[in-house]
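Below: one structure, written as structure tokens.
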Amino acid sequence: MQEKPVRLAIIGCGGIANAHLRGYQTLVEKGVDTFSIDATCDVRKESAEDFKNKIAEFQGSAPRVYADVEEMLKAEDLNAADICTSHSHHHITAIPCLESGVNIMTEKPFGITIKASQKMIEVAEQHGLITAAAENCRRYPGQRAVRWALNEGNLIGKPRMFFAQSAGWQDPANIGNWHWRLDKLLSGGGMVMDSGAHMMDTVRYFFGDVEKVYAEVRQIDKRMTKHKEKGVIPDCHEDTWVAVITFKSGVIGTWSWTKAAPAHSFLNVAFYGSEGVIRDRGDVFHPFVFQEDGDLEKLDGTKMTIKELKATYMATLSEAEKERLFPFGIEDGFTLEVYDFINAVKNKRSPEVDGETGLLAKANSIAIYESGYCGEAVRIADVLSGKVNAYQREIDEYWGL
Ligand SMILES: NC(=O)c1ccc[n+]([C@@H]2O[C@H](COP(=O)([O-])OP(=O)(O)OC[C@H]3O[C@@H](n4cnc5c(N)ncnc54)[C@H](O)[C@@H]3O)[C@@H](O)[C@H]2O)c1
């Protein structure tokens, strides 16, 4: 069989890698024949075996299975790796790939710290390779439409501010058993940079670069974090934060979230321009699709649902733009992100969300932690230069960064 232009490994065959796998399957079903999944790799070899079997069913040939990245790199002729490990192992698995000539895409957050993220970009540049951050949220039509409405479409006037607030109650009697996500050295932090990584990419995508951040980050209810082996960990990640975000454009926003708010829950996500508002009734972290009951309302009385906004936006796209943003009519963000990565590797071009873009989203989350840690407002430039790094220091030291 002739070698494909893109020869891929999936590293980390756990929860979210299944969404990537469904994306690859969709592409094969659409007739995309520019890639092959040649290897699966997971320290839990049974997970890599399970992926092998699933891939064999839709690909017609089985990838080889590994429990160790270095061993895989020695044995295979790869040029792409899709990394879906825990956060600590994004850079640990990416760097040997890059040093072996393999382009990489890592799940969000791009790296566990700023230094880890910068290291991946540096090694890729030394080898002339591509880095991508797997950011699916911005690729859904709802989020594309809202970005267009706030910018080129000028549907609600000049962007002014946003409020993204979620308060809820997690019954301590029913908390799930978490794992690596509760260990700062493996995760890098809690929801500010886990699911929150999406929100921090979204606001950059809508409003451009952030200038500075002030945040309070707390674990208010000490019963909220239960590790599957260690039990409840009282001083672990945040269950609450309140952040004020200032953009270089002058836009301001507040982002707050808690699961320590008893008896009254609410969600309020609103993006304001000088002439109106766009309300999302989805999820403060996962604006995957901008729920269709979200809406836009203007001072002049204009009203439209998110569904109508999507249709308006889609009607503005040329056939070439539609083919670029929603090839084959695909609207699933995971399928679109893996397809962008494959095409970037094949055509030796930057993906839409490259390592640098992943780093800048990451810097927004890290600035929230650094501000919470030092009690002062923090500039993104200082987070990126390493001048402000007290929160991250123990992680960097632990991983030798
Ligand atoms: N885009 C999204 O919506 C989304 C949703 C959930 C998770 N994620 C991200 O996906 C990544 C994985 O999260 P998850 O929930 O799937 O975690 P998970 O624990 O379910 O899966 C991680 C897998 O990586 C494997 N692994 C760890 N170290 C490894 C190594 N050195 N080599 C090979 N395999 C290794 C683990 O054994 C496990 O199977 C994280 O970065 C997370 O933030 C993204």
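Chain lettering (A, B, ...) mirrors the order of the structure tokens, residue numbering begins at 1 for each chain separately, and ligand numbering begins at 1 in order of display.
Excluding Asn343 of chain A itself and any same-chain residue fewer than 4 positions from it, the protein and nucleic acid residues within 12 Å of it, counting only C-alpha atoms, are Pro5, Val6, Arg7, Leu27, Val32, Asp33, Thr34, Phe35, Ala80, Asn103, Ile130, Ala132, Arg324, Pro327, Leu336, Glu337, Val338, Tyr339, Asn347, Lys348, Arg349, Ser350, Pro351 and Glu352 of chain A.
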Legend entry - Residues near Val28 of chain A, cut-off 12 Å, only C-alpha atoms, skip fewer than 4 positions along chain, as number ranges by chain: A: 21-24, 32-37, 55-60, 328, 335, 338-339
Take the residues from that selection and write them out as a PDB file, in the first residue's frame, keeping C-alpha atoms.
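The result, written out as again_5.pdb:
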```
ATOM      1  CA  LEU A  21     -11.022   9.426  16.806  1.00  0.00           C
ATOM      2  CA  ARG A  22     -14.623  10.061  15.738  1.00  0.00           C
ATOM      3  CA  GLY A  23     -13.263  13.057  13.782  1.00  0.00           C
ATOM      4  CA  TYR A  24     -10.744  10.893  11.901  1.00  0.00           C
ATOM      5  CA  VAL A  32     -10.279  11.955   2.804  1.00  0.00           C
ATOM      6  CA  ASP A  33      -7.353   9.694   1.926  1.00  0.00           C
ATOM      7  CA  THR A  34      -4.367  11.898   2.736  1.00  0.00           C
ATOM      8  CA  PHE A  35      -3.631  10.379   6.142  1.00  0.00           C
ATOM      9  CA  SER A  36      -3.216   7.089   7.923  1.00  0.00           C
ATOM     10  CA  ILE A  37      -3.215   6.443  11.668  1.00  0.00           C
ATOM     11  CA  ILE A  55      -9.279   2.385  14.044  1.00  0.00           C
ATOM     12  CA  ALA A  56      -8.906  -0.938  12.216  1.00  0.00           C
ATOM     13  CA  GLU A  57     -12.688  -1.023  11.767  1.00  0.00           C
ATOM     14  CA  PHE A  58     -12.935   2.280   9.864  1.00  0.00           C
ATOM     15  CA  GLN A  59      -9.438   2.475   8.355  1.00  0.00           C
ATOM     16  CA  GLY A  60      -9.199  -1.082   7.084  1.00  0.00           C
ATOM     17  CA  PHE A 328     -17.919  18.709   3.447  1.00  0.00           C
ATOM     18  CA  THR A 335     -13.444  16.870  13.248  1.00  0.00           C
ATOM     19  CA  VAL A 338      -8.052  17.313  13.271  1.00  0.00           C
ATOM     20  CA  TYR A 339      -8.698  18.035   9.579  1.00  0.00           C
TER      21      TYR A 339
END
```
Backbone-only DSSP, helix (DSSP H, G or I) members of segment 146-200 of chain A, as a PDB file with all heavy atoms, in the first residue's frame:
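Wrote it out as selection_32.pdb, contents follow:
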```pdb
ATOM      1  N   VAL A 146     -20.755  34.465  16.100  1.00  0.00           N
ATOM      2  CA  VAL A 146     -20.698  35.532  17.105  1.00  0.00           C
ATOM      3  C   VAL A 146     -19.446  36.387  16.877  1.00  0.00           C
ATOM      4  O   VAL A 146     -19.489  37.611  16.965  1.00  0.00           O
ATOM      5  CB  VAL A 146     -20.746  34.949  18.531  1.00  0.00           C
ATOM      6  CG1 VAL A 146     -20.470  36.037  19.564  1.00  0.00           C
ATOM      7  CG2 VAL A 146     -22.112  34.322  18.794  1.00  0.00           C
ATOM      8  N   ARG A 147     -18.326  35.737  16.550  1.00  0.00           N
ATOM      9  CA  ARG A 147     -17.108  36.510  16.266  1.00  0.00           C
ATOM     10  C   ARG A 147     -17.349  37.477  15.092  1.00  0.00           C
ATOM     11  O   ARG A 147     -16.967  38.641  15.130  1.00  0.00           O
ATOM     12  CB  ARG A 147     -15.936  35.591  15.943  1.00  0.00           C
ATOM     13  CG  ARG A 147     -14.655  36.394  15.806  1.00  0.00           C
ATOM     14  CD  ARG A 147     -13.563  35.665  15.047  1.00  0.00           C
ATOM     15  NE  ARG A 147     -12.407  36.529  14.920  1.00  0.00           N
ATOM     16  CZ  ARG A 147     -12.275  37.463  13.989  1.00  0.00           C
ATOM     17  NH1 ARG A 147     -13.213  37.646  13.089  1.00  0.00           N
ATOM     18  NH2 ARG A 147     -11.225  38.236  13.959  1.00  0.00           N
ATOM     19  N   TRP A 148     -17.998  36.947  14.047  1.00  0.00           N
ATOM     20  CA  TRP A 148     -18.300  37.773  12.874  1.00  0.00           C
ATOM     21  C   TRP A 148     -19.212  38.942  13.263  1.00  0.00           C
ATOM     22  O   TRP A 148     -18.966  40.092  12.891  1.00  0.00           O
ATOM     23  CB  TRP A 148     -18.948  36.890  11.798  1.00  0.00           C
ATOM     24  CG  TRP A 148     -19.526  37.661  10.664  1.00  0.00           C
ATOM     25  CD1 TRP A 148     -18.862  38.197   9.598  1.00  0.00           C
ATOM     26  CD2 TRP A 148     -20.913  38.016  10.507  1.00  0.00           C
ATOM     27  NE1 TRP A 148     -19.744  38.866   8.773  1.00  0.00           N
ATOM     28  CE2 TRP A 148     -21.004  38.774   9.311  1.00  0.00           C
ATOM     29  CE3 TRP A 148     -22.070  37.776  11.243  1.00  0.00           C
ATOM     30  CZ2 TRP A 148     -22.215  39.273   8.847  1.00  0.00           C
ATOM     31  CZ3 TRP A 148     -23.274  38.282  10.778  1.00  0.00           C
ATOM     32  CH2 TRP A 148     -23.333  39.018   9.588  1.00  0.00           C
ATOM     33  N   ALA A 149     -20.250  38.648  14.072  1.00  0.00           N
ATOM     34  CA  ALA A 149     -21.205  39.694  14.473  1.00  0.00           C
ATOM     35  C   ALA A 149     -20.512  40.807  15.257  1.00  0.00           C
ATOM     36  O   ALA A 149     -20.838  41.986  15.109  1.00  0.00           O
ATOM     37  CB  ALA A 149     -22.321  39.085  15.319  1.00  0.00           C
ATOM     38  N   LEU A 150     -19.532  40.430  16.085  1.00  0.00           N
ATOM     39  CA  LEU A 150     -18.827  41.410  16.916  1.00  0.00           C
ATOM     40  C   LEU A 150     -17.782  42.195  16.119  1.00  0.00           C
ATOM     41  O   LEU A 150     -17.380  43.281  16.528  1.00  0.00           O
ATOM     42  CB  LEU A 150     -18.102  40.692  18.060  1.00  0.00           C
ATOM     43  CG  LEU A 150     -18.976  40.093  19.171  1.00  0.00           C
ATOM     44  CD1 LEU A 150     -18.156  39.142  20.031  1.00  0.00           C
ATOM     45  CD2 LEU A 150     -19.572  41.202  20.034  1.00  0.00           C
ATOM     46  N   PRO A 172     -21.280  18.087  48.275  1.00  0.00           N
ATOM     47  CA  PRO A 172     -20.058  17.353  48.642  1.00  0.00           C
ATOM     48  C   PRO A 172     -20.308  15.847  48.805  1.00  0.00           C
ATOM     49  O   PRO A 172     -19.382  15.052  48.662  1.00  0.00           O
ATOM     50  CB  PRO A 172     -19.629  17.982  49.966  1.00  0.00           C
ATOM     51  CG  PRO A 172     -20.348  19.273  50.042  1.00  0.00           C
ATOM     52  CD  PRO A 172     -21.602  19.132  49.244  1.00  0.00           C
ATOM     53  N   ALA A 173     -21.561  15.465  49.077  1.00  0.00           N
ATOM     54  CA  ALA A 173     -21.857  14.033  49.232  1.00  0.00           C
ATOM     55  C   ALA A 173     -21.763  13.309  47.886  1.00  0.00           C
ATOM     56  O   ALA A 173     -21.613  12.096  47.830  1.00  0.00           O
ATOM     57  CB  ALA A 173     -23.251  13.869  49.820  1.00  0.00           C
ATOM     58  N   ASN A 174     -21.862  14.062  46.799  1.00  0.00           N
ATOM     59  CA  ASN A 174     -21.905  13.422  45.470  1.00  0.00           C
ATOM     60  C   ASN A 174     -20.767  13.857  44.553  1.00  0.00           C
ATOM     61  O   ASN A 174     -20.927  13.861  43.339  1.00  0.00           O
ATOM     62  CB  ASN A 174     -23.236  13.764  44.773  1.00  0.00           C
ATOM     63  CG  ASN A 174     -24.390  13.113  45.467  1.00  0.00           C
ATOM     64  OD1 ASN A 174     -24.280  11.980  45.907  1.00  0.00           O
ATOM     65  ND2 ASN A 174     -25.485  13.842  45.597  1.00  0.00           N
ATOM     66  N   TRP A 180      -5.632  12.692  37.920  1.00  0.00           N
ATOM     67  CA  TRP A 180      -4.515  13.609  37.707  1.00  0.00           C
ATOM     68  C   TRP A 180      -4.936  15.074  37.706  1.00  0.00           C
ATOM     69  O   TRP A 180      -4.134  15.945  38.006  1.00  0.00           O
ATOM     70  CB  TRP A 180      -3.758  13.264  36.411  1.00  0.00           C
ATOM     71  CG  TRP A 180      -4.594  13.288  35.150  1.00  0.00           C
ATOM     72  CD1 TRP A 180      -5.207  12.229  34.548  1.00  0.00           C
ATOM     73  CD2 TRP A 180      -4.895  14.439  34.332  1.00  0.00           C
ATOM     74  NE1 TRP A 180      -5.891  12.636  33.435  1.00  0.00           N
ATOM     75  CE2 TRP A 180      -5.707  13.987  33.272  1.00  0.00           C
ATOM     76  CE3 TRP A 180      -4.570  15.793  34.410  1.00  0.00           C
ATOM     77  CZ2 TRP A 180      -6.190  14.846  32.282  1.00  0.00           C
ATOM     78  CZ3 TRP A 180      -5.064  16.651  33.425  1.00  0.00           C
ATOM     79  CH2 TRP A 180      -5.852  16.168  32.379  1.00  0.00           C
ATOM     80  N   ARG A 181      -6.172  15.343  37.410  1.00  0.00           N
ATOM     81  CA  ARG A 181      -6.609  16.749  37.342  1.00  0.00           C
ATOM     82  C   ARG A 181      -6.498  17.449  38.705  1.00  0.00           C
ATOM     83  O   ARG A 181      -6.487  18.662  38.776  1.00  0.00           O
ATOM     84  CB  ARG A 181      -8.040  16.844  36.819  1.00  0.00           C
ATOM     85  CG  ARG A 181      -8.130  16.700  35.312  1.00  0.00           C
ATOM     86  CD  ARG A 181      -9.555  16.907  34.847  1.00  0.00           C
ATOM     87  NE  ARG A 181      -9.616  17.270  33.446  1.00  0.00           N
ATOM     88  CZ  ARG A 181      -9.608  16.413  32.438  1.00  0.00           C
ATOM     89  NH1 ARG A 181      -9.538  15.122  32.677  1.00  0.00           N
ATOM     90  NH2 ARG A 181      -9.653  16.834  31.183  1.00  0.00           N
ATOM     91  N   LEU A 182      -6.455  16.667  39.805  1.00  0.00           N
ATOM     92  CA  LEU A 182      -6.367  17.289  41.129  1.00  0.00           C
ATOM     93  C   LEU A 182      -4.930  17.490  41.596  1.00  0.00           C
ATOM     94  O   LEU A 182      -4.695  18.039  42.666  1.00  0.00           O
ATOM     95  CB  LEU A 182      -7.114  16.441  42.164  1.00  0.00           C
ATOM     96  CG  LEU A 182      -8.621  16.368  41.962  1.00  0.00           C
ATOM     97  CD1 LEU A 182      -9.273  15.621  43.108  1.00  0.00           C
ATOM     98  CD2 LEU A 182      -9.221  17.762  41.836  1.00  0.00           C
ATOM     99  N   LYS A 184      -1.549  19.383  41.131  1.00  0.00           N
ATOM    100  CA  LYS A 184      -1.049  20.587  40.433  1.00  0.00           C
ATOM    101  C   LYS A 184       0.125  20.263  39.509  1.00  0.00           C
ATOM    102  O   LYS A 184       0.275  20.860  38.442  1.00  0.00           O
ATOM    103  CB  LYS A 184      -0.635  21.647  41.471  1.00  0.00           C
ATOM    104  CG  LYS A 184      -0.188  22.966  40.857  1.00  0.00           C
ATOM    105  CD  LYS A 184       0.190  23.998  41.926  1.00  0.00           C
ATOM    106  CE  LYS A 184       0.806  25.236  41.284  1.00  0.00           C
ATOM    107  NZ  LYS A 184       1.351  26.182  42.256  1.00  0.00           N
ATOM    108  N   LEU A 185       0.956  19.290  39.886  1.00  0.00           N
ATOM    109  CA  LEU A 185       2.140  18.980  39.076  1.00  0.00           C
ATOM    110  C   LEU A 185       1.771  18.246  37.785  1.00  0.00           C
ATOM    111  O   LEU A 185       2.529  18.257  36.815  1.00  0.00           O
ATOM    112  CB  LEU A 185       3.137  18.154  39.890  1.00  0.00           C
ATOM    113  CG  LEU A 185       3.669  18.863  41.132  1.00  0.00           C
ATOM    114  CD1 LEU A 185       4.511  17.920  41.974  1.00  0.00           C
ATOM    115  CD2 LEU A 185       4.484  20.106  40.750  1.00  0.00           C
ATOM    116  N   LEU A 186       0.606  17.615  37.767  1.00  0.00           N
ATOM    117  CA  LEU A 186       0.159  16.899  36.563  1.00  0.00           C
ATOM    118  C   LEU A 186      -0.805  17.736  35.725  1.00  0.00           C
ATOM    119  O   LEU A 186      -0.830  17.629  34.500  1.00  0.00           O
ATOM    120  CB  LEU A 186      -0.522  15.580  36.941  1.00  0.00           C
ATOM    121  CG  LEU A 186       0.322  14.561  37.707  1.00  0.00           C
ATOM    122  CD1 LEU A 186      -0.503  13.318  38.033  1.00  0.00           C
ATOM    123  CD2 LEU A 186       1.552  14.164  36.906  1.00  0.00           C
ATOM    124  N   SER A 187      -1.588  18.568  36.413  1.00  0.00           N
ATOM    125  CA  SER A 187      -2.629  19.334  35.696  1.00  0.00           C
ATOM    126  C   SER A 187      -2.226  20.783  35.462  1.00  0.00           C
ATOM    127  O   SER A 187      -2.673  21.407  34.512  1.00  0.00           O
ATOM    128  CB  SER A 187      -3.922  19.326  36.506  1.00  0.00           C
ATOM    129  OG  SER A 187      -3.700  19.993  37.739  1.00  0.00           O
ATOM    130  N   GLY A 196     -11.545  26.004  31.256  1.00  0.00           N
ATOM    131  CA  GLY A 196     -11.415  27.446  31.074  1.00  0.00           C
ATOM    132  C   GLY A 196     -10.493  27.830  29.927  1.00  0.00           C
ATOM    133  O   GLY A 196     -10.591  28.952  29.403  1.00  0.00           O
ATOM    134  N   ALA A 197      -9.609  26.920  29.513  1.00  0.00           N
ATOM    135  CA  ALA A 197      -8.725  27.212  28.374  1.00  0.00           C
ATOM    136  C   ALA A 197      -9.550  27.572  27.139  1.00  0.00           C
ATOM    137  O   ALA A 197      -9.155  28.416  26.330  1.00  0.00           O
ATOM    138  CB  ALA A 197      -7.824  26.010  28.078  1.00  0.00           C
ATOM    139  N   HIS A 198     -10.718  26.935  27.003  1.00  0.00           N
ATOM    140  CA  HIS A 198     -11.590  27.240  25.849  1.00  0.00           C
ATOM    141  C   HIS A 198     -12.081  28.686  25.922  1.00  0.00           C
ATOM    142  O   HIS A 198     -12.056  29.417  24.947  1.00  0.00           O
ATOM    143  CB  HIS A 198     -12.813  26.326  25.842  1.00  0.00           C
ATOM    144  CG  HIS A 198     -12.499  24.893  25.609  1.00  0.00           C
ATOM    145  ND1 HIS A 198     -11.824  24.451  24.495  1.00  0.00           N
ATOM    146  CD2 HIS A 198     -12.770  23.786  26.337  1.00  0.00           C
ATOM    147  CE1 HIS A 198     -11.698  23.131  24.552  1.00  0.00           C
ATOM    148  NE2 HIS A 198     -12.252  22.704  25.654  1.00  0.00           N
ATOM    149  N   MET A 199     -12.566  29.061  27.123  1.00  0.00           N
ATOM    150  CA  MET A 199     -13.112  30.416  27.285  1.00  0.00           C
ATOM    151  C   MET A 199     -12.021  31.448  27.004  1.00  0.00           C
ATOM    152  O   MET A 199     -12.292  32.498  26.396  1.00  0.00           O
ATOM    153  CB  MET A 199     -13.662  30.551  28.701  1.00  0.00           C
ATOM    154  CG  MET A 199     -14.392  31.827  28.957  1.00  0.00           C
ATOM    155  SD  MET A 199     -15.946  31.943  28.052  1.00  0.00           S
ATOM    156  CE  MET A 199     -16.389  33.629  28.425  1.00  0.00           C
ATOM    157  N   MET A 200     -10.802  31.138  27.439  1.00  0.00           N
ATOM    158  CA  MET A 200      -9.720  32.107  27.247  1.00  0.00           C
ATOM    159  C   MET A 200      -9.300  32.202  25.775  1.00  0.00           C
ATOM    160  O   MET A 200      -8.807  33.230  25.327  1.00  0.00           O
ATOM    161  CB  MET A 200      -8.522  31.762  28.145  1.00  0.00           C
ATOM    162  CG  MET A 200      -8.802  32.002  29.617  1.00  0.00           C
ATOM    163  SD  MET A 200      -9.146  33.770  30.015  1.00  0.00           S
ATOM    164  CE  MET A 200     -10.921  33.883  29.869  1.00  0.00           C
TER     165      MET A 200
END
```
Inset, instruction - Go through the chains and note each residue within 7 Å of ligand 1, using only C-alpha atoms and all ligand atoms, then give the set as number ranges by chain. - result: A: 11-17, 41-44, 47, 67-69, 84-87, 89, 93, 107-109, 134-136, 194-195
Legend entry - Among listed residues A:Cys137, A:Ile10, A:Ala260, A:Ile156, nearest Asp171 of chain A (using only C-alpha atoms):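 The answer is A:Ala260, which sits nearest to Asp171 of chain A.
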Legend entry - Counting only C-alpha atoms, the option among A:Ile245, A:Ala261, A:Leu8, A:Met191 closest to Asp209 of chain A: A:Ile245
Legend entry - Secondary structure check, strand (DSSP E or B) residues of segment 194-354 of chain A, as a ChimeraX atom specification: /A:210-218,226-227,231-232,240-247,252-258,260,266-273,276-280,295-298,303-305,354
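Residues in contact with Ala243 of chain A at up to 7 Å, not including ones fewer than 6 positions away on its chain and judged by only C-alpha atoms, are Val213, Tyr214, Ala215, Glu216, Thr254, Trp255, Ser256 and Ile368 of chain A.
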Include all heavy atoms and write out the residues we just selected as a compact mmCIF listing (two decimals), in the first residue's frame.
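As a result, again.txt now contains:
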```txt
# COMPACT_ATOMS: atom_id res chain seq x y z
N VAL A 213 -4.83 41.36 33.80
CA VAL A 213 -5.87 40.59 34.49
C VAL A 213 -5.74 40.84 35.98
O VAL A 213 -4.63 40.90 36.50
CB VAL A 213 -5.65 39.08 34.21
CG1 VAL A 213 -6.44 38.22 35.17
CG2 VAL A 213 -6.00 38.73 32.77
N TYR A 214 -6.88 41.00 36.66
CA TYR A 214 -6.87 40.95 38.13
C TYR A 214 -7.85 39.85 38.54
O TYR A 214 -8.97 39.78 38.03
CB TYR A 214 -7.30 42.29 38.75
CG TYR A 214 -7.41 42.14 40.26
CD1 TYR A 214 -6.27 42.03 41.04
CD2 TYR A 214 -8.65 42.03 40.88
CE1 TYR A 214 -6.35 41.84 42.41
CE2 TYR A 214 -8.74 41.83 42.25
CZ TYR A 214 -7.59 41.74 43.01
OH TYR A 214 -7.67 41.52 44.36
N ALA A 215 -7.43 38.98 39.47
CA ALA A 215 -8.32 37.87 39.85
C ALA A 215 -8.19 37.48 41.31
O ALA A 215 -7.12 37.62 41.91
CB ALA A 215 -8.01 36.66 38.97
N GLU A 216 -9.30 37.02 41.85
CA GLU A 216 -9.31 36.33 43.15
C GLU A 216 -9.61 34.87 42.82
O GLU A 216 -10.59 34.57 42.11
CB GLU A 216 -10.42 36.89 44.05
CG GLU A 216 -10.26 38.35 44.42
CD GLU A 216 -9.19 38.58 45.49
OE1 GLU A 216 -8.80 37.62 46.18
OE2 GLU A 216 -8.74 39.75 45.62
N THR A 254 -15.63 40.53 32.72
CA THR A 254 -15.46 39.79 33.98
C THR A 254 -15.82 38.35 33.71
O THR A 254 -16.77 38.05 32.97
CB THR A 254 -16.34 40.31 35.13
OG1 THR A 254 -17.71 39.99 34.85
CG2 THR A 254 -16.18 41.79 35.33
N TRP A 255 -15.05 37.47 34.30
CA TRP A 255 -15.27 36.03 34.15
C TRP A 255 -15.23 35.43 35.55
O TRP A 255 -14.21 35.55 36.23
CB TRP A 255 -14.17 35.43 33.27
CG TRP A 255 -14.31 33.97 33.01
CD1 TRP A 255 -15.47 33.28 32.79
CD2 TRP A 255 -13.25 33.00 32.92
NE1 TRP A 255 -15.19 31.95 32.57
CE2 TRP A 255 -13.83 31.76 32.64
CE3 TRP A 255 -11.86 33.08 33.04
CZ2 TRP A 255 -13.08 30.60 32.48
CZ3 TRP A 255 -11.11 31.93 32.88
CH2 TRP A 255 -11.71 30.70 32.60
N SER A 256 -16.35 34.86 35.97
CA SER A 256 -16.35 34.26 37.30
C SER A 256 -17.14 32.97 37.29
O SER A 256 -18.06 32.79 36.49
CB SER A 256 -16.91 35.23 38.34
OG SER A 256 -18.21 35.62 37.98
N ILE A 368 -4.52 34.68 35.40
CA ILE A 368 -5.54 34.62 36.47
C ILE A 368 -4.94 33.95 37.70
O ILE A 368 -5.06 34.45 38.83
CB ILE A 368 -6.80 33.89 35.96
CG1 ILE A 368 -7.51 34.77 34.92
CG2 ILE A 368 -7.74 33.53 37.12
CD1 ILE A 368 -8.68 34.12 34.22
```
Legend entry - Pick from A:Cys374, A:Lys346, A:Val244, A:Pro141 nearest to Ala315 of chain A, counting only C-alpha atoms: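 Of the candidates, the smallest distance to Ala315 of chain A is held by A:Pro141.
You will find atom CA of Ile342 of chain A at 19.6 Å from atom CA of Met72 of chain A.
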Inset, instruction - Go through A:Asn177, A:Asn154, A:Gln118, A:Gln126 and flag the residue nearest Lys362 of chain A, using only C-alpha atoms for the distances. - result: A:Gln118
Legend entry - A:Lys74, A:Arg160, A:Arg64, A:Arg204 ranked by distance to Ile278 of chain A, top pick (using only C-alpha atoms): A:Arg160
Legend entry - Top pick for closest residue to Glu125 of chain A, considering A:Tyr140, A:Leu98, A:Ile380, A:Tyr398 and counting only C-alpha atoms: A:Leu98
Inset, instruction - Go ahead and compute the interatomic distance for atom CA of Tyr373 of chain A and atom CA of Asp183 of chain A, in Å to one decimal. - result: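 Calculated distance between atom CA of Tyr373 of chain A and atom CA of Asp183 of chain A is 17.2 Å.
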Legend entry - Two-atom distance - atom CA of Glu238 of chain A, atom CA of Gln165 of chain A (Å):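 That distance, rounded to one decimal, is 15.4 Å.
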Inset, instruction - Determine, counting only C-alpha atoms, which protein, DNA and RNA residues have an atom within 12 Å of an atom of Met314 of chain A; residues of the same chain fewer than 6 positions away are not included. Present the result as a PyMOL selection string. - result: chain A and resi 140-146+148-149+153+307-308+321-323+325-326+329+331
I need the chosen residues saved as a tab-separated table (two decimals), in the first residue's frame, with N, CA, C and O atoms.
```tsv
chain	number	residue	atom	x	y	z
A	140	TYR	N	-16.95	25.86	15.87
A	140	TYR	CA	-18.39	25.61	15.67
A	140	TYR	C	-19.03	26.83	15.02
A	140	TYR	O	-18.62	27.97	15.28
A	141	PRO	N	-20.05	26.62	14.18
A	141	PRO	CA	-20.66	27.76	13.48
A	141	PRO	C	-21.18	28.85	14.42
A	141	PRO	O	-21.09	30.03	14.09
A	142	GLY	N	-21.69	28.47	15.59
A	142	GLY	CA	-22.22	29.48	16.52
A	142	GLY	C	-21.13	30.44	16.95
A	142	GLY	O	-21.32	31.67	16.95
A	143	GLN	N	-19.98	29.89	17.31
A	143	GLN	CA	-18.89	30.77	17.77
A	143	GLN	C	-18.30	31.58	16.60
A	143	GLN	O	-17.96	32.76	16.76
A	144	ARG	N	-18.20	30.97	15.43
A	144	ARG	CA	-17.76	31.72	14.25
A	144	ARG	C	-18.72	32.89	13.99
A	144	ARG	O	-18.30	34.00	13.67
A	145	ALA	N	-20.02	32.61	14.13
A	145	ALA	CA	-21.04	33.64	13.82
A	145	ALA	C	-20.95	34.79	14.82
A	145	ALA	O	-21.06	35.96	14.43
A	146	VAL	N	-20.75	34.47	16.10
A	146	VAL	CA	-20.70	35.53	17.11
A	146	VAL	C	-19.45	36.39	16.88
A	146	VAL	O	-19.49	37.61	16.96
A	148	TRP	N	-18.00	36.95	14.05
A	148	TRP	CA	-18.30	37.77	12.87
A	148	TRP	C	-19.21	38.94	13.26
A	148	TRP	O	-18.97	40.09	12.89
A	149	ALA	N	-20.25	38.65	14.07
A	149	ALA	CA	-21.20	39.69	14.47
A	149	ALA	C	-20.51	40.81	15.26
A	149	ALA	O	-20.84	41.99	15.11
A	153	GLY	N	-18.98	41.85	10.86
A	153	GLY	CA	-20.42	42.03	10.64
A	153	GLY	C	-20.97	43.29	11.29
A	153	GLY	O	-21.99	43.81	10.88
A	307	LYS	N	-29.75	30.99	16.29
A	307	LYS	CA	-30.00	30.18	15.08
A	307	LYS	C	-30.09	31.10	13.85
A	307	LYS	O	-29.50	30.83	12.81
A	308	GLU	N	-30.82	32.22	14.00
A	308	GLU	CA	-30.94	33.18	12.88
A	308	GLU	C	-29.60	33.87	12.61
A	308	GLU	O	-29.24	34.12	11.46
A	321	GLU	N	-14.91	30.08	1.20
A	321	GLU	CA	-14.84	30.23	2.67
A	321	GLU	C	-15.56	29.08	3.37
A	321	GLU	O	-15.08	28.55	4.38
A	322	LYS	N	-16.70	28.70	2.82
A	322	LYS	CA	-17.44	27.56	3.41
A	322	LYS	C	-16.59	26.31	3.36
A	322	LYS	O	-16.54	25.53	4.30
A	323	GLU	N	-15.90	26.11	2.23
A	323	GLU	CA	-15.08	24.92	2.07
A	323	GLU	C	-13.89	24.94	3.04
A	323	GLU	O	-13.47	23.92	3.56
A	325	LEU	N	-13.86	26.67	6.06
A	325	LEU	CA	-14.29	26.65	7.48
A	325	LEU	C	-15.12	25.42	7.82
A	325	LEU	O	-15.01	24.89	8.93
A	326	PHE	N	-15.95	24.97	6.87
A	326	PHE	CA	-16.83	23.83	7.13
A	326	PHE	C	-16.75	22.84	5.98
A	326	PHE	O	-17.75	22.58	5.29
A	329	GLY	N	-19.32	20.31	4.65
A	329	GLY	CA	-20.47	20.68	5.50
A	329	GLY	C	-20.31	20.25	6.95
A	329	GLY	O	-21.26	20.29	7.73
A	331	GLU	N	-19.69	20.41	10.79
A	331	GLU	CA	-19.82	21.48	11.79
A	331	GLU	C	-19.30	21.05	13.16
A	331	GLU	O	-19.43	21.79	14.13
```
